[in-house]
>>> print(open('model.cif').read())   # mmCIF, C-alpha atoms
data_structure
#
loop_
_atom_site.group_PDB
_atom_site.id
_atom_site.type_symbol
_atom_site.label_atom_id
_atom_site.label_comp_id
_atom_site.auth_asym_id
_atom_site.auth_seq_id
_atom_site.Cartn_x
_atom_site.Cartn_y
_atom_site.Cartn_z
ATOM 1 C CA MET M 1 -22.456 -6.510 22.217
ATOM 2 C CA GLN M 2 -19.163 -4.620 22.394
ATOM 3 C CA LEU M 3 -16.219 -5.054 20.021
ATOM 4 C CA ASN M 4 -13.156 -6.298 21.950
ATOM 5 C CA THR M 5 -10.576 -6.766 19.205
ATOM 6 C CA HIS M 6 -8.691 -4.781 16.559
ATOM 7 C CA LEU M 7 -9.789 -1.530 18.200
ATOM 8 C CA ASN M 8 -7.148 0.594 16.437
ATOM 9 C CA ILE M 9 -7.771 -0.733 12.919
ATOM 10 C CA ASN M 10 -8.127 1.775 10.092
ATOM 11 C CA THR M 11 -11.812 1.370 9.217
ATOM 12 C CA SER M 12 -11.424 3.328 5.969
ATOM 13 C CA LEU M 13 -9.116 0.542 4.710
ATOM 14 C CA CYS M 14 -10.639 -2.535 6.386
ATOM 15 C CA GLY M 15 -14.296 -1.622 6.803
ATOM 16 C CA LYS M 16 -16.483 -0.978 9.799
ATOM 17 C CA VAL M 17 -18.268 -3.487 12.008
ATOM 18 C CA ILE M 18 -21.976 -2.904 11.469
ATOM 19 C CA LYS M 19 -23.357 -6.007 13.197
ATOM 20 C CA LEU M 20 -21.886 -7.952 16.084
ATOM 21 C CA GLU M 21 -23.349 -11.000 17.782
ATOM 22 C CA GLU M 22 -21.802 -13.936 19.596
ATOM 23 C CA ASN M 23 -19.757 -15.873 16.999
ATOM 24 C CA TYR M 24 -20.962 -13.611 14.155
ATOM 25 C CA ALA M 25 -19.968 -10.266 12.670
ATOM 26 C CA GLU M 26 -20.647 -8.135 9.623
ATOM 27 C CA VAL M 27 -18.130 -5.643 8.259
ATOM 28 C CA LEU M 28 -19.004 -3.082 5.598
ATOM 29 C CA LEU M 29 -16.195 -1.779 3.390
ATOM 30 C CA HIS M 30 -16.833 1.250 1.189
ATOM 31 C CA THR M 31 -14.278 0.954 -1.606
ATOM 32 C CA THR M 32 -12.561 4.047 -2.984
ATOM 33 C CA GLN M 33 -10.581 5.051 -6.050
ATOM 34 C CA GLN M 34 -7.402 4.802 -3.931
ATOM 35 C CA MET M 35 -8.044 1.044 -3.697
ATOM 36 C CA SER M 36 -8.093 0.685 -7.485
ATOM 37 C CA THR M 37 -5.473 -1.128 -9.492
ATOM 38 C CA ASP M 38 -6.244 0.541 -12.826
ATOM 39 C CA THR M 39 -8.138 3.316 -14.581
ATOM 40 C CA GLN M 40 -11.269 1.164 -14.837
ATOM 41 C CA GLY M 41 -11.584 1.028 -11.051
ATOM 42 C CA LEU M 42 -10.807 -2.630 -10.305
ATOM 43 C CA VAL M 43 -10.311 -2.863 -6.531
ATOM 44 C CA HIS M 44 -7.185 -4.727 -5.366
ATOM 45 C CA GLY M 45 -8.133 -8.034 -3.729
ATOM 46 C CA GLY M 46 -6.018 -7.253 -0.683
ATOM 47 C CA PHE M 47 -8.614 -4.734 0.477
ATOM 48 C CA ILE M 48 -11.397 -7.312 0.177
ATOM 49 C CA PHE M 49 -9.256 -9.852 2.033
ATOM 50 C CA GLY M 50 -8.492 -7.281 4.734
ATOM 51 C CA ALA M 51 -12.184 -6.619 5.317
ATOM 52 C CA ALA M 52 -12.915 -10.358 5.407
ATOM 53 C CA ASP M 53 -10.064 -10.921 7.882
ATOM 54 C CA TYR M 54 -11.377 -8.093 10.064
ATOM 55 C CA ALA M 55 -14.857 -9.655 9.963
ATOM 56 C CA ALA M 56 -13.401 -13.016 11.021
ATOM 57 C CA MET M 57 -11.488 -11.447 13.910
ATOM 58 C CA SER M 58 -14.602 -9.542 14.974
ATOM 59 C CA ALA M 59 -16.718 -12.717 14.965
ATOM 60 C CA VAL M 60 -14.211 -14.288 17.383
ATOM 61 C CA ASN M 61 -14.100 -10.969 19.265
ATOM 62 C CA ASP M 62 -11.224 -11.663 21.641
ATOM 63 C CA PRO M 63 -8.481 -9.059 22.262
ATOM 64 C CA TYR M 64 -5.789 -11.690 21.646
ATOM 65 C CA VAL M 65 -7.147 -13.341 18.483
ATOM 66 C CA VAL M 66 -4.635 -13.764 15.643
ATOM 67 C CA LEU M 67 -4.823 -15.212 12.142
ATOM 68 C CA GLY M 68 -2.990 -18.495 11.658
ATOM 69 C CA ALA M 69 -4.055 -19.532 8.164
ATOM 70 C CA SER M 70 -6.644 -18.888 5.502
ATOM 71 C CA SER M 71 -7.948 -20.142 2.208
ATOM 72 C CA SER M 72 -9.984 -17.894 -0.017
ATOM 73 C CA LYS M 73 -11.610 -17.514 -3.412
ATOM 74 C CA PHE M 74 -12.232 -14.288 -5.278
ATOM 75 C CA ILE M 75 -15.434 -15.000 -7.177
ATOM 76 C CA ALA M 76 -16.305 -11.700 -8.862
ATOM 77 C CA PRO M 77 -14.534 -8.380 -9.356
ATOM 78 C CA VAL M 78 -15.189 -5.386 -7.125
ATOM 79 C CA LYS M 79 -15.227 -1.896 -8.620
ATOM 80 C CA SER M 80 -14.260 1.330 -6.919
ATOM 81 C CA GLY M 81 -17.331 2.772 -5.225
ATOM 82 C CA ASP M 82 -18.853 -0.637 -4.441
ATOM 83 C CA ALA M 83 -19.887 -1.359 -0.868
ATOM 84 C CA VAL M 84 -18.662 -4.808 0.196
ATOM 85 C CA LEU M 85 -20.502 -6.577 3.009
ATOM 86 C CA CYS M 86 -18.494 -9.316 4.747
ATOM 87 C CA LYS M 87 -20.429 -11.809 6.861
ATOM 88 C CA ALA M 88 -18.339 -13.904 9.260
ATOM 89 C CA THR M 89 -19.541 -16.930 11.203
ATOM 90 C CA VAL M 90 -17.586 -19.001 13.731
ATOM 91 C CA MET M 91 -17.877 -22.598 12.530
ATOM 92 C CA ALA M 92 -15.827 -24.539 15.100
ATOM 93 C CA ILE M 93 -13.951 -23.967 18.347
ATOM 94 C CA LYS M 94 -11.276 -26.468 19.386
ATOM 95 C CA GLY M 95 -9.343 -25.129 22.360
ATOM 96 C CA LYS M 96 -7.390 -22.052 21.221
ATOM 97 C CA LYS M 97 -8.218 -22.742 17.556
ATOM 98 C CA VAL M 98 -11.304 -21.057 16.074
ATOM 99 C CA GLU M 99 -12.436 -21.687 12.485
ATOM 100 C CA VAL M 100 -14.366 -18.861 10.819
ATOM 101 C CA SER M 101 -16.174 -18.797 7.482
ATOM 102 C CA VAL M 102 -16.548 -15.474 5.657
ATOM 103 C CA ALA M 103 -18.645 -14.576 2.632
ATOM 104 C CA ALA M 104 -18.490 -11.128 1.014
ATOM 105 C CA PHE M 105 -21.167 -9.567 -1.136
ATOM 106 C CA VAL M 106 -21.682 -6.532 -3.355
ATOM 107 C CA HIS M 107 -25.436 -5.998 -3.257
ATOM 108 C CA ASP M 108 -26.573 -9.636 -3.186
ATOM 109 C CA LYS M 109 -23.784 -10.956 -5.420
ATOM 110 C CA LEU M 110 -21.133 -13.175 -3.807
ATOM 111 C CA VAL M 111 -17.667 -11.749 -4.594
ATOM 112 C CA PHE M 112 -15.430 -13.544 -2.079
ATOM 113 C CA GLU M 113 -15.476 -16.500 0.270
ATOM 114 C CA GLY M 114 -12.872 -17.678 2.698
ATOM 115 C CA ASN M 115 -12.070 -19.871 5.650
ATOM 116 C CA PHE M 116 -9.937 -18.368 8.391
ATOM 117 C CA THR M 117 -8.109 -20.347 11.060
ATOM 118 C CA THR M 118 -7.623 -18.115 14.068
ATOM 119 C CA PHE M 119 -6.034 -18.673 17.447
ATOM 120 C CA VAL M 120 -7.056 -17.064 20.729
ATOM 121 C CA LEU M 121 -3.903 -16.532 22.757
ATOM 122 C CA THR M 122 -3.606 -15.838 26.484
ATOM 123 C CA THR M 123 -1.520 -12.686 25.931
ATOM 124 C CA HIS M 124 -0.772 -10.336 23.037
ATOM 125 C CA VAL M 125 1.142 -12.073 20.235
ATOM 126 C CA LEU M 126 3.942 -9.473 20.464
ATOM 127 C CA SER M 127 4.299 -10.045 24.214
ATOM 128 C CA GLN M 128 5.307 -13.675 23.793
#
>>> encode(input="model.cif", output="structure tokens")
Amino acid sequence: MQLNTHLNINTSLCGKVIKLEENYAEVLLHTTQQMSTDTQGLVHGGFIFGAADYAAMSAVNDPYVVLGASSSKFIAPVKSGDAVLCKATVMAIKGKKVEVSVAAFVHDKLVFEGNFTTFVLTTHVLSQ
């Protein structure tokens, strides 16, 4: 399957799609010291959220998908150097609205979970 969305995203900041199936995607983010908030290497949650968002968009896999809303929980800290695997699954499709569930793991430990409400538009959001 070919990726059809977010083709210009910076994969060093948001991760790389490593698995893509219909209504499912996995994104792997290799965290770096530049993502750290302190000298102990705590990774800023925004990078984890960004990878999860990218996984959600990839699971929908439409060029015109946009994020409308989300709810998320940060369950465990991520340290610089950790590899974060985000698994995104489309849960429901109601017209233009697509609900996606994302779980993120470091090794087998759950570190993040979120629900993303996306919308598939007919044209690019900036063209409207």
>>> residues_around(input="model.cif", residues="Gly45 of chain M", least_positions_apart="4", cutoff="9 Å", atoms="all atoms listed in the file", output="mmCIF file with C-alpha atoms, in the frame of the given file")
data_model
loop_
_atom_site.group_PDB
_atom_site.id
_atom_site.type_symbol
_atom_site.label_atom_id
_atom_site.label_comp_id
_atom_site.auth_asym_id
_atom_site.auth_seq_id
_atom_site.Cartn_x
_atom_site.Cartn_y
_atom_site.Cartn_z
ATOM 1 C CA PHE M 49 -9.256 -9.852 2.033
ATOM 2 C CA GLY M 50 -8.492 -7.281 4.734
ATOM 3 C CA PHE M 74 -12.232 -14.288 -5.278
ATOM 4 C CA PRO M 77 -14.534 -8.380 -9.356
ATOM 5 C CA VAL M 78 -15.189 -5.386 -7.125
#
>>> resolve_selection(input="model.cif", expression="the PyMOL selection byres ((chain M and resi 42-44) around 8)", output="PDB file with C-alpha atoms, keeping the file's coordinate frame")
ATOM      1  CA  THR M  31     -14.278   0.954  -1.606  1.00  0.00           C
ATOM      2  CA  GLN M  33     -10.581   5.051  -6.050  1.00  0.00           C
ATOM      3  CA  MET M  35      -8.044   1.044  -3.697  1.00  0.00           C
ATOM      4  CA  SER M  36      -8.093   0.685  -7.485  1.00  0.00           C
ATOM      5  CA  THR M  37      -5.473  -1.128  -9.492  1.00  0.00           C
ATOM      6  CA  ASP M  38      -6.244   0.541 -12.826  1.00  0.00           C
ATOM      7  CA  THR M  39      -8.138   3.316 -14.581  1.00  0.00           C
ATOM      8  CA  GLN M  40     -11.269   1.164 -14.837  1.00  0.00           C
ATOM      9  CA  GLY M  41     -11.584   1.028 -11.051  1.00  0.00           C
ATOM     10  CA  GLY M  45      -8.133  -8.034  -3.729  1.00  0.00           C
ATOM     11  CA  GLY M  46      -6.018  -7.253  -0.683  1.00  0.00           C
ATOM     12  CA  PHE M  47      -8.614  -4.734   0.477  1.00  0.00           C
ATOM     13  CA  ILE M  48     -11.397  -7.312   0.177  1.00  0.00           C
ATOM     14  CA  PRO M  77     -14.534  -8.380  -9.356  1.00  0.00           C
ATOM     15  CA  VAL M  78     -15.189  -5.386  -7.125  1.00  0.00           C
ATOM     16  CA  LYS M  79     -15.227  -1.896  -8.620  1.00  0.00           C
ATOM     17  CA  SER M  80     -14.260   1.330  -6.919  1.00  0.00           C
TER      18      SER M  80
END
>>> resolve_selection(input="model.cif", expression="the PyMOL selection byres ((chain M and resi 105-111) around 10)", output="short mmCIF file (atom, residue, chain, number, x, y, z; two decimals) with C-alpha atoms, in the coordinates of the input")
data_model
loop_
_atom_site.label_atom_id
_atom_site.label_comp_id
_atom_site.auth_asym_id
_atom_site.auth_seq_id
_atom_site.Cartn_x
_atom_site.Cartn_y
_atom_site.Cartn_z
CA LEU M 28 -19.00 -3.08 5.60
CA LEU M 29 -16.20 -1.78 3.39
CA ILE M 48 -11.40 -7.31 0.18
CA LYS M 73 -11.61 -17.51 -3.41
CA PHE M 74 -12.23 -14.29 -5.28
CA ILE M 75 -15.43 -15.00 -7.18
CA ALA M 76 -16.30 -11.70 -8.86
CA PRO M 77 -14.53 -8.38 -9.36
CA VAL M 78 -15.19 -5.39 -7.12
CA LYS M 79 -15.23 -1.90 -8.62
CA ASP M 82 -18.85 -0.64 -4.44
CA ALA M 83 -19.89 -1.36 -0.87
CA VAL M 84 -18.66 -4.81 0.20
CA LEU M 85 -20.50 -6.58 3.01
CA CYS M 86 -18.49 -9.32 4.75
CA LYS M 87 -20.43 -11.81 6.86
CA ALA M 103 -18.64 -14.58 2.63
CA ALA M 104 -18.49 -11.13 1.01
CA PHE M 112 -15.43 -13.54 -2.08
CA GLU M 113 -15.48 -16.50 0.27
#
>>> resolve_selection(input="model.cif", expression="the PyMOL selection byres ((chain M and resi 96) around 6)", output="number ranges by chain")
M: 95, 97, 119-120
>>> residues_around(input="model.cif", residues="Val66 of chain M", least_positions_apart="4", cutoff="10 Å", atoms="all atoms listed in the file", output="number ranges by chain")
M: 5-6, 53, 56-57, 60, 62, 97-98, 117-121, 124-125
>>> write_last_selection(input="model.cif", atoms="C-alpha atoms", output="short mmCIF file (atom, residue, chain, number, x, y, z; two decimals), in the coordinates of the input")
data_model
loop_
_atom_site.label_atom_id
_atom_site.label_comp_id
_atom_site.auth_asym_id
_atom_site.auth_seq_id
_atom_site.Cartn_x
_atom_site.Cartn_y
_atom_site.Cartn_z
CA THR M 5 -10.58 -6.77 19.20
CA HIS M 6 -8.69 -4.78 16.56
CA ASP M 53 -10.06 -10.92 7.88
CA ALA M 56 -13.40 -13.02 11.02
CA MET M 57 -11.49 -11.45 13.91
CA VAL M 60 -14.21 -14.29 17.38
CA ASP M 62 -11.22 -11.66 21.64
CA LYS M 97 -8.22 -22.74 17.56
CA VAL M 98 -11.30 -21.06 16.07
CA THR M 117 -8.11 -20.35 11.06
CA THR M 118 -7.62 -18.11 14.07
CA PHE M 119 -6.03 -18.67 17.45
CA VAL M 120 -7.06 -17.06 20.73
CA LEU M 121 -3.90 -16.53 22.76
CA HIS M 124 -0.77 -10.34 23.04
CA VAL M 125 1.14 -12.07 20.24
#
>>> axis_aligned_box(input="model.cif", around="segment 15-19 of chain M", padding_each_side="5 Å", output="JSON")
{"center_x": -18.8, "center_y": -3.5, "center_z": 10.0, "size_x": 19.1, "size_y": 15.0, "size_z": 16.4}
>>> atom_distance(input="model.cif", atom1="atom CA of Glu26 of chain M", atom2="atom CA of Lys94 of chain M")
22.8 Å
>>> atom_distance(input="model.cif", atom1="atom CA of Met1 of chain M", atom2="atom CA of Asn61 of chain M")
9.9 Å
>>> atom_distance(input="model.cif", atom1="atom CA of Ile9 of chain M", atom2="atom CA of Gln34 of chain M")
17.7 Å
>>> closest_residue(input="model.cif", among="M:Asn23, M:Ser70, M:Ser58, M:Thr123", to="Leu3 of chain M", atoms="all atoms listed in the file")
M:Ser58
>>> closest_residue(input="model.cif", among="M:Ser101, M:Thr32, M:Gln2, M:Asn115", to="Ile18 of chain M", atoms="all atoms listed in the file")
M:Gln2
>>> closest_residue(input="model.cif", among="M:Tyr54, M:His30, M:Asn4, M:Phe116", to="Val17 of chain M", atoms="all atoms listed in the file")
M:Tyr54
>>> closest_residue(input="model.cif", among="M:Thr122, M:Gly114, M:Leu13, M:Ser127", to="Ser71 of chain M", atoms="only C-alpha atoms")
M:Gly114
>>> closest_residue(input="model.cif", among="M:Val100, M:Ala55, M:Ala92, M:Leu126", to="Lys16 of chain M", atoms="all atoms listed in the file")
M:Ala55
